[in-house]
>>> print(open('protein_9.cif').read())   # mmCIF, C-alpha atoms
data_data
loop_
_atom_site.label_atom_id
_atom_site.label_comp_id
_atom_site.auth_asym_id
_atom_site.auth_seq_id
_atom_site.Cartn_x
_atom_site.Cartn_y
_atom_site.Cartn_z
CA MET B 1 -5.42 41.96 -5.58
CA THR B 2 -2.56 39.48 -5.36
CA SER B 3 -3.36 35.81 -5.13
CA GLU B 4 -2.21 33.84 -2.12
CA GLU B 5 0.13 30.90 -2.38
CA THR B 6 0.91 28.16 0.09
CA ILE B 7 4.13 26.55 1.26
CA ASP B 8 3.44 22.87 1.88
CA ALA B 9 5.34 20.33 3.97
CA PRO B 10 7.57 18.21 1.70
CA MET B 11 7.85 15.44 4.32
CA PRO B 12 6.24 14.25 7.55
CA GLY B 13 7.75 15.44 10.81
CA VAL B 14 7.51 18.16 13.44
CA PHE B 15 7.11 21.79 12.32
CA TYR B 16 9.16 24.42 14.14
CA ARG B 17 8.82 28.18 13.83
CA ARG B 18 11.98 28.86 15.89
CA PRO B 19 15.62 27.84 15.32
CA ASP B 20 15.79 26.90 19.03
CA PRO B 21 13.15 26.82 21.80
CA ASP B 22 14.75 29.89 23.46
CA GLU B 23 15.10 31.91 20.25
CA PRO B 24 12.51 34.20 18.67
CA VAL B 25 10.44 32.93 15.73
CA PHE B 26 12.04 33.13 12.26
CA VAL B 27 9.27 35.41 10.97
CA GLU B 28 5.95 36.84 12.15
CA GLU B 29 2.72 36.98 10.19
CA GLY B 30 2.81 40.16 8.07
CA ASP B 31 6.60 40.12 7.64
CA ASP B 32 8.26 40.58 4.25
CA VAL B 33 10.49 37.63 3.42
CA SER B 34 12.91 37.01 0.56
CA ALA B 35 13.05 33.96 -1.68
CA GLY B 36 15.10 31.32 0.11
CA GLU B 37 14.74 32.88 3.58
CA THR B 38 13.96 30.34 6.31
CA VAL B 39 10.44 30.71 7.73
CA GLY B 40 10.35 27.39 9.60
CA LEU B 41 11.89 23.95 9.97
CA ILE B 42 10.66 20.38 9.73
CA GLY B 43 12.43 17.92 11.99
CA VAL B 44 12.44 14.30 10.85
CA MET B 45 15.06 11.50 11.15
CA LYS B 46 16.99 13.73 13.60
CA THR B 47 17.66 16.25 10.82
CA PHE B 48 16.09 19.62 10.12
CA HIS B 49 14.84 20.72 6.73
CA ASP B 50 14.50 24.47 6.05
CA ILE B 51 11.10 25.68 4.91
CA GLU B 52 11.54 28.63 2.58
CA PRO B 53 9.46 30.48 -0.02
CA GLY B 54 10.46 30.29 -3.70
CA THR B 55 9.78 33.99 -4.27
CA ASP B 56 9.85 37.27 -2.34
CA CYS B 57 6.57 37.48 -0.46
CA VAL B 58 4.62 38.61 2.58
CA VAL B 59 3.71 35.96 5.16
CA THR B 60 -0.09 36.02 5.44
CA SER B 61 -0.58 33.32 8.05
CA PHE B 62 0.88 30.21 9.61
CA GLU B 63 -1.43 27.23 9.09
CA ALA B 64 0.66 24.89 11.26
CA ASP B 65 1.50 25.68 14.88
CA ASN B 66 4.98 25.54 16.37
CA GLU B 67 6.06 22.01 17.40
CA THR B 68 3.09 20.22 15.86
CA GLU B 69 3.26 17.06 13.77
CA VAL B 70 2.67 17.58 10.06
CA GLU B 71 2.24 15.25 7.09
CA ALA B 72 3.77 15.67 3.62
CA GLY B 73 1.47 17.96 1.63
CA ASP B 74 0.04 19.80 4.66
CA THR B 75 -0.10 23.56 4.23
CA LEU B 76 2.39 25.22 6.59
CA VAL B 77 2.27 28.87 5.57
CA THR B 78 0.21 31.03 3.25
CA VAL B 79 2.06 33.87 1.55
CA GLU B 80 1.30 36.70 -0.86
CA PRO B 81 4.01 37.00 -3.55
CA GLU B 82 5.31 40.54 -4.15
CA MET Y 83 28.92 10.90 -14.27
CA LEU Y 84 26.06 12.36 -12.24
CA ARG Y 85 26.12 15.83 -10.74
CA ILE Y 86 23.96 16.67 -7.72
CA VAL Y 87 22.25 20.06 -8.08
CA GLU Y 88 19.97 19.72 -5.05
CA PRO Y 89 20.56 16.85 -2.61
CA GLY Y 90 17.01 16.25 -1.30
CA LEU Y 91 16.42 15.49 2.38
CA SER Y 92 18.80 12.53 2.72
CA THR Y 93 20.30 10.92 -0.38
CA THR Y 94 23.04 8.28 -0.07
CA VAL Y 95 24.84 5.73 -2.23
CA GLN Y 96 23.67 2.23 -1.21
CA ASP Y 97 24.00 -1.36 -2.39
CA THR Y 98 23.28 -4.85 -1.05
CA GLY Y 99 25.48 -4.17 1.99
CA ARG Y 100 28.87 -4.63 3.59
CA TYR Y 101 29.13 -8.15 4.98
CA GLY Y 102 31.63 -10.08 7.05
CA HIS Y 103 32.47 -7.37 9.58
CA TYR Y 104 29.53 -7.57 11.98
CA HIS Y 105 31.69 -9.16 14.68
CA ILE Y 106 33.88 -6.04 14.84
CA GLY Y 107 30.82 -3.81 15.19
CA MET Y 108 30.32 -2.92 11.52
CA PRO Y 109 26.66 -3.15 10.48
CA PRO Y 110 25.85 -4.02 6.85
CA SER Y 111 24.36 -0.67 5.76
CA GLY Y 112 23.04 -0.86 2.17
CA ALA Y 113 19.57 -0.10 0.79
CA VAL Y 114 16.98 -0.45 3.56
CA ASP Y 115 14.37 -1.48 0.96
CA GLN Y 116 16.30 -4.24 -0.82
CA TYR Y 117 13.30 -5.08 -3.02
CA ALA Y 118 13.03 -1.67 -4.71
CA HIS Y 119 16.84 -1.35 -4.89
CA ARG Y 120 17.21 -4.69 -6.67
CA VAL Y 121 14.32 -4.22 -9.10
CA ALA Y 122 15.67 -0.78 -10.08
CA ASN Y 123 19.03 -2.39 -10.88
CA PHE Y 124 17.50 -5.22 -12.95
CA LEU Y 125 15.49 -2.68 -14.99
CA VAL Y 126 18.66 -0.94 -16.20
CA GLY Y 127 20.61 -4.15 -16.81
CA ASN Y 128 22.61 -4.23 -13.55
CA GLU Y 129 23.09 -7.08 -11.13
CA ALA Y 130 21.51 -6.70 -7.66
CA ASP Y 131 24.75 -5.57 -6.02
CA ALA Y 132 25.31 -2.47 -8.19
CA ALA Y 133 25.07 0.76 -6.18
CA THR Y 134 21.97 2.97 -6.45
CA LEU Y 135 21.01 6.25 -4.83
CA GLU Y 136 18.62 5.92 -1.90
CA LEU Y 137 16.30 8.95 -1.74
CA THR Y 138 14.37 9.72 1.43
CA TYR Y 139 10.96 11.50 1.54
CA THR Y 140 12.11 14.29 -0.82
CA GLY Y 141 14.27 13.49 -3.83
CA PRO Y 142 17.24 15.34 -5.34
CA GLU Y 143 17.88 17.14 -8.62
CA VAL Y 144 20.51 15.32 -10.67
CA VAL Y 145 22.22 16.21 -13.98
CA PHE Y 146 23.51 13.42 -16.22
CA GLU Y 147 26.80 14.24 -17.92
CA GLU Y 148 26.48 11.30 -20.34
CA GLU Y 149 23.51 9.53 -21.86
CA GLY Y 150 22.34 6.45 -20.04
CA LEU Y 151 19.47 4.34 -18.80
CA VAL Y 152 17.87 5.04 -15.41
CA ALA Y 153 15.07 3.51 -13.34
CA VAL Y 154 13.36 4.78 -10.20
CA CYS Y 155 11.65 2.24 -7.93
CA GLY Y 156 10.16 2.50 -4.45
CA ALA Y 157 8.15 5.44 -3.14
CA ASP Y 158 6.75 7.61 -5.94
CA MET Y 159 8.41 11.04 -5.79
CA ASP Y 160 7.01 12.15 -9.18
CA PRO Y 161 10.29 12.09 -11.13
CA SER Y 162 10.59 14.35 -14.18
CA LEU Y 163 13.23 14.66 -16.87
CA ASP Y 164 13.78 18.28 -17.99
CA GLY Y 165 10.32 18.99 -16.59
CA GLU Y 166 8.55 16.09 -18.36
CA PRO Y 167 7.08 13.44 -16.01
CA VAL Y 168 8.70 10.01 -16.35
CA PRO Y 169 7.25 6.68 -15.18
CA THR Y 170 8.58 4.84 -12.13
CA TRP Y 171 9.42 1.07 -12.12
CA THR Y 172 10.46 1.59 -15.77
CA ALA Y 173 13.80 1.92 -17.61
CA VAL Y 174 14.03 5.45 -19.01
CA ARG Y 175 16.64 6.76 -21.49
CA VAL Y 176 18.33 10.02 -20.48
CA ALA Y 177 20.42 12.16 -22.85
CA ALA Y 178 23.67 13.88 -21.87
CA GLY Y 179 22.93 17.14 -20.06
CA GLN Y 180 19.39 16.24 -18.99
CA THR Y 181 18.18 16.94 -15.45
CA LEU Y 182 16.20 14.42 -13.42
CA SER Y 183 14.28 16.02 -10.58
CA PHE Y 184 11.93 14.75 -7.90
CA GLU Y 185 9.11 16.04 -5.73
CA PHE Y 186 8.17 14.52 -2.38
CA ALA Y 187 6.52 11.17 -1.67
CA THR Y 188 3.14 10.96 0.02
CA GLU Y 189 3.17 7.14 0.17
CA GLY Y 190 6.28 5.18 1.07
CA ALA Y 191 9.43 6.79 2.39
CA ARG Y 192 12.27 5.80 0.07
CA ALA Y 193 12.97 5.61 -3.65
CA TYR Y 194 15.97 4.10 -5.45
CA LEU Y 195 17.58 5.62 -8.53
CA ALA Y 196 19.53 3.05 -10.55
CA VAL Y 197 21.80 3.99 -13.43
CA ASP Y 198 23.13 1.49 -15.99
CA GLY Y 199 26.63 0.50 -14.91
CA GLY Y 200 25.81 1.45 -11.29
CA ILE Y 201 27.13 4.30 -9.15
CA ASP Y 202 30.87 3.60 -9.32
CA THR Y 203 32.31 5.10 -6.14
CA GLU Y 204 35.31 3.34 -4.59
CA PRO Y 205 34.23 0.27 -2.56
CA VAL Y 206 35.25 0.21 1.11
CA MET Y 207 35.57 -3.22 2.76
CA GLY Y 208 33.86 -4.76 -0.24
CA SER Y 209 30.85 -2.45 -0.53
CA ARG Y 210 29.84 0.97 -1.83
CA ALA Y 211 27.13 1.33 0.85
CA THR Y 212 27.28 4.58 2.82
CA TYR Y 213 27.52 4.24 6.60
CA THR Y 214 27.18 7.88 7.61
CA LEU Y 215 27.65 7.38 11.38
CA ILE Y 216 31.35 6.68 10.90
CA GLY Y 217 31.76 8.27 7.47
CA VAL Y 218 32.53 5.13 5.47
CA GLY Y 219 31.62 4.14 1.91
CA GLY Y 220 29.48 5.81 -0.75
CA HIS Y 221 30.57 9.33 -1.58
CA GLU Y 222 32.93 10.53 1.17
CA GLY Y 223 30.94 8.47 3.68
CA ARG Y 224 28.14 11.02 3.86
CA GLU Y 225 24.76 12.17 2.54
CA LEU Y 226 25.08 13.82 -0.87
CA GLU Y 227 25.38 17.59 -1.12
CA ALA Y 228 24.90 20.10 -3.94
CA GLY Y 229 27.87 20.00 -6.30
CA ASP Y 230 28.84 16.36 -5.63
CA GLU Y 231 29.91 14.42 -8.72
CA LEU Y 232 29.45 10.66 -8.83
CA PRO Y 233 31.13 8.34 -11.34
CA THR Y 234 29.03 5.71 -13.08
CA GLY Y 235 30.30 2.31 -14.21
CA ALA Y 236 30.57 0.88 -17.72
CA THR Y 237 27.23 -0.12 -19.24
CA GLU Y 238 26.88 -3.88 -19.44
CA ALA Y 239 23.46 -4.32 -21.02
CA ASP Y 240 21.56 -2.44 -23.72
CA GLY Y 241 18.19 -2.40 -25.42
CA LEU Y 242 16.25 -2.37 -22.15
CA GLU Y 243 14.66 1.05 -22.59
CA GLY Y 244 10.95 0.99 -21.71
CA ASN Y 245 11.29 -2.21 -19.71
CA SER Y 246 8.97 -2.20 -16.72
CA VAL Y 247 7.55 -4.57 -14.13
CA ASP Y 248 3.91 -5.66 -13.87
CA ALA Y 249 1.69 -3.79 -11.44
CA ALA Y 250 1.58 -7.02 -9.39
CA HIS Y 251 5.25 -6.50 -8.54
CA VAL Y 252 4.80 -2.88 -7.44
CA PRO Y 253 4.10 -2.72 -3.68
CA ASP Y 254 1.19 -0.66 -2.37
CA TYR Y 255 3.03 1.35 0.27
CA GLY Y 256 1.11 2.05 3.44
CA ALA Y 257 -1.33 -0.81 2.78
CA GLU Y 258 0.71 -3.47 4.61
CA THR Y 259 0.98 -2.58 8.27
CA SER Y 260 1.48 -6.06 9.72
CA ILE Y 261 5.19 -6.76 10.19
CA ARG Y 262 6.22 -10.40 10.77
CA VAL Y 263 8.62 -11.14 13.61
CA VAL Y 264 10.36 -14.20 15.00
CA MET Y 265 10.18 -13.89 18.79
CA GLY Y 266 13.49 -13.89 20.70
CA LEU Y 267 16.32 -13.67 21.60
CA CYS Y 268 15.18 -12.20 24.94
CA ASP Y 269 11.40 -12.56 24.81
CA TYR Y 270 11.77 -14.79 27.90
CA ARG Y 271 12.18 -11.49 29.76
CA LEU Y 272 8.57 -10.48 28.93
CA THR Y 273 5.58 -11.60 30.96
CA GLU Y 274 2.78 -13.38 29.05
CA ASP Y 275 0.75 -10.16 29.30
CA GLY Y 276 3.82 -8.23 28.18
CA LYS Y 277 4.12 -10.34 25.03
CA GLU Y 278 0.44 -9.87 24.32
CA THR Y 279 0.73 -6.12 24.73
CA LEU Y 280 3.75 -5.99 22.40
CA LEU Y 281 1.84 -7.92 19.72
CA ASP Y 282 -1.59 -6.29 20.17
CA THR Y 283 -0.43 -2.68 20.22
CA GLU Y 284 -0.59 -0.42 17.18
CA TRP Y 285 2.84 1.19 17.18
CA THR Y 286 3.37 4.58 15.60
CA VAL Y 287 6.55 5.20 13.60
CA SER Y 288 8.24 8.12 15.39
CA ASN Y 289 9.70 11.28 13.90
CA GLU Y 290 13.20 9.95 14.66
CA ALA Y 291 12.82 6.71 12.65
CA ASP Y 292 15.75 6.42 10.24
CA ARG Y 293 18.28 4.03 8.71
CA VAL Y 294 19.71 3.28 12.16
CA GLY Y 295 16.51 2.41 13.97
CA TYR Y 296 12.76 2.59 13.59
CA ARG Y 297 11.64 4.03 16.92
CA LEU Y 298 8.04 3.15 17.70
CA ASP Y 299 5.70 5.07 19.98
CA ALA Y 300 2.59 4.02 21.90
CA ASP Y 301 1.12 4.70 25.31
CA VAL Y 302 2.69 1.58 26.82
CA ASP Y 303 4.74 1.23 30.00
CA ILE Y 304 7.71 -0.72 28.61
CA GLN Y 305 9.05 -1.66 32.07
CA GLY Y 306 5.63 -3.11 32.89
CA LEU Y 307 6.00 -5.68 30.08
CA PHE Y 308 9.00 -7.27 31.82
CA VAL Y 309 9.29 -10.03 34.41
CA GLU Y 310 10.52 -8.60 37.73
CA ARG Y 311 13.89 -10.00 38.77
CA GLU Y 312 17.11 -9.24 40.54
CA GLN Y 313 19.40 -8.17 37.68
CA PRO Y 314 22.29 -10.62 37.11
CA PHE Y 315 25.94 -9.60 37.35
CA GLY Y 316 26.95 -7.84 34.13
CA ALA Y 317 23.49 -6.58 33.27
CA GLY Y 318 22.41 -2.97 33.76
CA THR Y 319 20.05 -2.02 36.57
CA ASP Y 320 17.00 -1.44 34.35
CA LEU Y 321 14.57 -4.37 33.95
CA THR Y 322 14.98 -4.05 30.16
CA ASN Y 323 18.76 -4.66 30.47
CA VAL Y 324 20.43 -8.01 29.91
CA VAL Y 325 24.06 -9.09 29.90
CA ASP Y 326 25.47 -7.76 26.58
CA LEU Y 327 24.66 -9.80 23.51
CA GLY Y 328 24.78 -9.46 19.72
CA TYR Y 329 21.76 -7.75 18.17
CA PRO Y 330 20.37 -9.43 15.05
CA VAL Y 331 19.69 -6.97 12.18
CA GLY Y 332 15.97 -6.25 12.42
CA SER Y 333 15.76 -7.02 16.11
CA ILE Y 334 13.37 -5.10 18.35
CA GLN Y 335 15.40 -3.49 21.11
CA MET Y 336 13.40 -2.44 24.18
CA ALA Y 337 15.25 0.77 25.02
CA GLY Y 338 12.51 2.76 26.71
CA GLN Y 339 10.45 2.16 23.58
CA PRO Y 340 10.69 -0.55 20.90
CA ILE Y 341 13.37 0.29 18.34
CA VAL Y 342 13.65 -1.95 15.28
CA LEU Y 343 17.35 -2.01 14.46
CA MET Y 344 17.86 -1.26 10.78
CA ARG Y 345 20.91 -1.61 8.52
CA ASP Y 346 23.01 1.15 10.14
CA ALA Y 347 22.35 0.05 13.74
CA VAL Y 348 24.69 -0.84 16.56
CA THR Y 349 25.60 -4.56 16.44
CA GLY Y 350 25.34 -5.46 20.11
CA GLY Y 351 24.66 -4.21 23.61
CA GLY Y 352 22.70 -4.71 26.80
CA TYR Y 353 19.06 -4.10 25.93
CA ALA Y 354 16.69 -7.03 25.67
CA THR Y 355 15.84 -7.72 22.02
CA VAL Y 356 12.45 -9.43 22.14
CA GLY Y 357 11.83 -10.24 18.48
CA THR Y 358 13.39 -9.92 15.02
CA VAL Y 359 11.61 -8.50 11.99
CA ILE Y 360 12.01 -11.03 9.16
CA SER Y 361 14.12 -9.87 6.21
CA PRO Y 362 11.38 -9.35 3.54
CA ASP Y 363 9.36 -7.28 6.02
CA ARG Y 364 12.32 -5.04 6.79
CA SER Y 365 11.88 -3.63 3.26
CA THR Y 366 8.18 -3.05 4.04
CA LEU Y 367 8.99 -1.39 7.36
CA ALA Y 368 11.65 0.82 5.72
CA GLN Y 369 8.89 2.27 3.51
CA GLY Y 370 6.87 3.12 6.63
CA ARG Y 371 6.56 6.87 7.14
CA SER Y 372 6.75 8.77 10.40
CA HIS Y 373 3.26 8.84 12.05
CA GLU Y 374 2.11 5.65 10.26
CA THR Y 375 1.23 2.66 12.43
CA VAL Y 376 2.45 -0.93 12.40
CA THR Y 377 1.68 -4.09 14.33
CA PHE Y 378 3.86 -7.15 14.90
CA GLU Y 379 2.74 -10.62 13.84
CA PRO Y 380 4.68 -13.54 15.34
CA VAL Y 381 5.84 -16.28 12.95
CA SER Y 382 7.96 -19.41 13.41
CA VAL Y 383 11.51 -19.71 12.09
CA GLU Y 384 10.17 -22.12 9.41
CA GLU Y 385 7.58 -19.55 8.28
CA ALA Y 386 10.29 -16.89 8.22
CA LEU Y 387 12.57 -19.06 6.08
CA THR Y 388 9.71 -19.83 3.67
CA ALA Y 389 8.92 -16.11 3.40
CA ARG Y 390 12.56 -15.40 2.61
CA GLU Y 391 12.67 -18.18 -0.01
CA ASP Y 392 9.50 -16.78 -1.66
CA TRP Y 393 10.97 -13.26 -1.63
CA THR Y 394 14.25 -14.47 -3.15
CA ALA Y 395 12.45 -16.59 -5.78
CA ARG Y 396 10.29 -13.63 -6.78
CA LEU Y 397 13.37 -11.43 -7.26
CA ASP Y 398 15.15 -14.24 -9.15
CA ARG Y 399 12.20 -14.44 -11.57
CA LEU Y 400 12.26 -10.67 -12.08
CA ARG Y 401 16.02 -10.81 -12.68
CA GLU Y 402 15.53 -13.62 -15.20
CA GLU Y 403 12.77 -11.67 -17.00
CA LEU Y 404 14.70 -8.43 -17.13
CA LEU Y 405 18.32 -9.53 -17.51
CA GLY Y 406 17.79 -12.93 -19.18
#
>>> encode(input="protein_9.cif", output="C-alpha cells")
Amino acid sequence: MTSEETIDAPMPGVFYRRPDPDEPVFVEEGDDVSAGETVGLIGVMKTFHDIEPGTDCVVTSFEADNETEVEAGDTLVTVEPE
Amino acid sequence: MLRIVEPGLSTTVQDTGRYGHYHIGMPPSGAVDQYAHRVANFLVGNEADAATLELTYTGPEVVFEEEGLVAVCGADMDPSLDGEPVPTWTAVRVAAGQTLSFEFATEGARAYLAVDGGIDTEPVMGSRATYTLIGVGGHEGRELEAGDELPTGATEADGLEGNSVDAAHVPDYGAETSIRVVMGLCDYRLTEDGKETLLDTEWTVSNEADRVGYRLDADVDIQGLFVEREQPFGAGTDLTNVVDLGYPVGSIQMAGQPIVLMRDAVTGGGYATVGTVISPDRSTLAQGRSHETVTFEPVSVEEALTAREDWTARLDRLREELLG
C-alpha cells in the first residue's frame, strides 16, 4: 500500500486544469504523470505558475475544481508516488 | 555574486525608486514595501537606497558565490540556508557556495532579500529598480530567471551578524486592513452616497493585483457612484472619465473597478482618481494578498503628512540603531 501525497498551492490565485479554456485538461484522475509534468496552473498577477509533482506518480484525485479560487497551502491534487 | 537556481514566482531587483522622470511617463518603480526593503538593508549595513531582491508569494533558490551577510524582511517565506532554517528580520552570515532557498508565504505577499554591498546591477536613469513593463533597470529589465548571475557591491560595514529588530518593528501582515487615503483629486465626481459606498465597502484584492495596480473587487456599481453630467470636451464618454490629468502614485483610479496605482503604474490618463493611498500605507497594501479585504479610511493632508513623518522617524531610528 503506497501512501498518498498532496500537491499544495504555493500562492493564492485561480486554479486551472487546462492550458486554455478550449483545450483538454492536462491530466485526468488515474493518469500516470512524470516528475515535473504540468498537472495544472495557478493564475495570479496576470502570470501563470505551473503546478507539477516532484516525483513520478499517479494522480488520485483533484481536490480543487477548474477555475476556482485557491489560497496558498490549499491541497490541489492528491497523488500516489510510484 | 549571486546565482539564481530557481526564480520563484516573480523576483526582481528593486531599490528606493527612479525619481525625476514622472513627467515623461516614467513611474518610480522600486520596492513596493519600502519599510521591509529599508530595514533589510540596514540589517546588513547598507543604506536605504541599496538594491534588494523583491520576492513575491513564492521565493527563489539562490547560491552565493562569495561569503557575505544577508537579511530577509517582509512576508515570511521560511528561508533556509543549505536546508537549515534561518531567522527573518535578522542579519545572517552565508559562506561561499551556500544555497538560500525559500518556501511560500501564507501571510504577507512580498519579502526582501538584502545582501551586504547591495545588488550591484548597472543603474539606469539613476536607479537599479526593475520596471518590467518597458524592460528597464534591474537585471536586463525583467523578472529573474534560472541561471541569472547578479553582481554584489563592496561590503561597507562588518560585525553586524545576528543583528535583528525588535518584534515591535515587525509588522503583523494581514492584521491591518484599514488603508488611509486623502480624498481627491476627482472625488468631486462622486455623489455623497458614492463617497460613502467607496469608504464603507470591504474591497477584495483581486487575482490580478500586482506591482502596477491593486485591482479591488466588490459587488458595487461603479458608474452609480458618480454624479450624472454631460461629459466636457476632452473627456471620454464614460461617467468615470475626466479630461486627462496626472495620476498621483497611490491614487485610486475608477476604471470599472477601483485600482490603486502602485509603483509601476501609468503616470496619467483620463479616469477619475478619487483618493490617494498615503505613502506608509502603500507598503501595508503591497503586503495584501489576493482574496484579502481592505477598507479605505479618509484622512486629511495634515494627518497624512504626520503619518509620513512618523514613518520616516521610525526608519531613521532603526537606521541609527543598526548602522550607527
>>> atom_distance(input="protein_9.cif", atom1="atom CA of B:Pro53", atom2="atom CA of Y:Pro167")
23.5 Å
>>> residues_near_point(input="protein_9.cif", point="(5.6, 29.6, 8.8)", cutoff="9 Å", atoms="all atoms listed in the file", output="ChimeraX atom specification")
/B:7,15-17,26-29,38-41,51-52,59,61-66,76-78
>>> residues_near_point(input="protein_9.cif", point="(8.9, 8.9, 12.7)", cutoff="9 Å", atoms="only C-alpha atoms", output="short mmCIF file (atom, residue, chain, number, x, y, z; two decimals) with C-alpha atoms, in the frame of the given file")
data_model
loop_
_atom_site.label_atom_id
_atom_site.label_comp_id
_atom_site.auth_asym_id
_atom_site.auth_seq_id
_atom_site.Cartn_x
_atom_site.Cartn_y
_atom_site.Cartn_z
CA PRO B 12 6.24 14.25 7.55
CA GLY B 13 7.75 15.44 10.81
CA VAL B 44 12.44 14.30 10.85
CA MET B 45 15.06 11.50 11.15
CA THR Y 286 3.37 4.58 15.60
CA VAL Y 287 6.55 5.20 13.60
CA SER Y 288 8.24 8.12 15.39
CA ASN Y 289 9.70 11.28 13.90
CA GLU Y 290 13.20 9.95 14.66
CA ALA Y 291 12.82 6.71 12.65
CA ASP Y 292 15.75 6.42 10.24
CA TYR Y 296 12.76 2.59 13.59
CA ARG Y 297 11.64 4.03 16.92
CA LEU Y 298 8.04 3.15 17.70
CA ASP Y 299 5.70 5.07 19.98
CA GLY Y 370 6.87 3.12 6.63
CA ARG Y 371 6.56 6.87 7.14
CA SER Y 372 6.75 8.77 10.40
CA HIS Y 373 3.26 8.84 12.05
CA GLU Y 374 2.11 5.65 10.26
#
>>> closest_atom_pairs(input="protein_9.cif", of="chain B", to="chain Y", cutoff="12 Å", atoms="all atoms listed in the file", output="tab-separated table")
residue	atom	partner	partner_atom	distance
B:Asp8	CA	Y:Phe186	CA	10.5
B:Ala9	CA	Y:Phe186	CA	9.1
B:Pro10	CA	Y:Phe186	CA	5.5
B:Met11	CA	Y:Tyr139	CA	5.7
B:Pro12	CA	Y:Ser372	CA	6.2
B:Gly13	CA	Y:Asn289	CA	5.5
B:Val14	CA	Y:Asn289	CA	7.2
B:Phe15	CA	Y:Asn289	CA	10.9
B:Ile42	CA	Y:Asn289	CA	10.1
B:Gly43	CA	Y:Asn289	CA	7.4
B:Val44	CA	Y:Asn289	CA	5.1
B:Met45	CA	Y:Glu290	CA	4.3
B:Lys46	CA	Y:Glu290	CA	5.5
B:Thr47	CA	Y:Leu91	CA	8.6
B:Phe48	CA	Y:Leu91	CA	8.8
B:His49	CA	Y:Leu91	CA	7.0
B:Asp50	CA	Y:Leu91	CA	9.9
B:Ile51	CA	Y:Leu91	CA	11.8
B:Glu67	CA	Y:Asn289	CA	11.9
B:Thr68	CA	Y:Asn289	CA	11.3
B:Glu69	CA	Y:His373	CA	8.4
B:Val70	CA	Y:His373	CA	9.0
B:Glu71	CA	Y:His373	CA	8.2
B:Ala72	CA	Y:Thr188	CA	6.0
B:Gly73	CA	Y:Thr188	CA	7.4
B:Asp74	CA	Y:Thr188	CA	10.5
>>> resolve_selection(input="protein_9.cif", expression="the PyMOL selection byres ((chain Y and resi 279) around 12)", output="short mmCIF file (atom, residue, chain, number, x, y, z; two decimals) with C-alpha atoms, in the coordinates of the input")
data_model
loop_
_atom_site.label_atom_id
_atom_site.label_comp_id
_atom_site.auth_asym_id
_atom_site.auth_seq_id
_atom_site.Cartn_x
_atom_site.Cartn_y
_atom_site.Cartn_z
CA LEU Y 272 8.57 -10.48 28.93
CA THR Y 273 5.58 -11.60 30.96
CA GLU Y 274 2.78 -13.38 29.05
CA ASP Y 275 0.75 -10.16 29.30
CA GLY Y 276 3.82 -8.23 28.18
CA LYS Y 277 4.12 -10.34 25.03
CA GLU Y 278 0.44 -9.87 24.32
CA LEU Y 280 3.75 -5.99 22.40
CA LEU Y 281 1.84 -7.92 19.72
CA ASP Y 282 -1.59 -6.29 20.17
CA THR Y 283 -0.43 -2.68 20.22
CA GLU Y 284 -0.59 -0.42 17.18
CA TRP Y 285 2.84 1.19 17.18
CA ALA Y 300 2.59 4.02 21.90
CA ASP Y 301 1.12 4.70 25.31
CA VAL Y 302 2.69 1.58 26.82
CA ASP Y 303 4.74 1.23 30.00
CA ILE Y 304 7.71 -0.72 28.61
CA GLN Y 305 9.05 -1.66 32.07
CA GLY Y 306 5.63 -3.11 32.89
CA LEU Y 307 6.00 -5.68 30.08
CA PHE Y 308 9.00 -7.27 31.82
CA THR Y 377 1.68 -4.09 14.33
CA PHE Y 378 3.86 -7.15 14.90
CA GLU Y 379 2.74 -10.62 13.84
#
>>> atom_distance(input="protein_9.cif", atom1="atom CA of Y:Arg100", atom2="atom CA of Y:Arg210")
7.9 Å
>>> closest_residue(input="protein_9.cif", among="B:Glu82, B:Thr55, B:Ser3, B:Thr75", to="B:Ala35", atoms="all atoms listed in the file")
B:Thr55
>>> closest_residue(input="protein_9.cif", among="Y:Val144, Y:Val247, Y:Ala228, Y:Leu135", to="Y:Thr170", atoms="all atoms listed in the file")
Y:Val247
>>> atom_distance(input="protein_9.cif", atom1="atom CA of Y:Ser209", atom2="atom CA of Y:Asp97")
7.2 Å
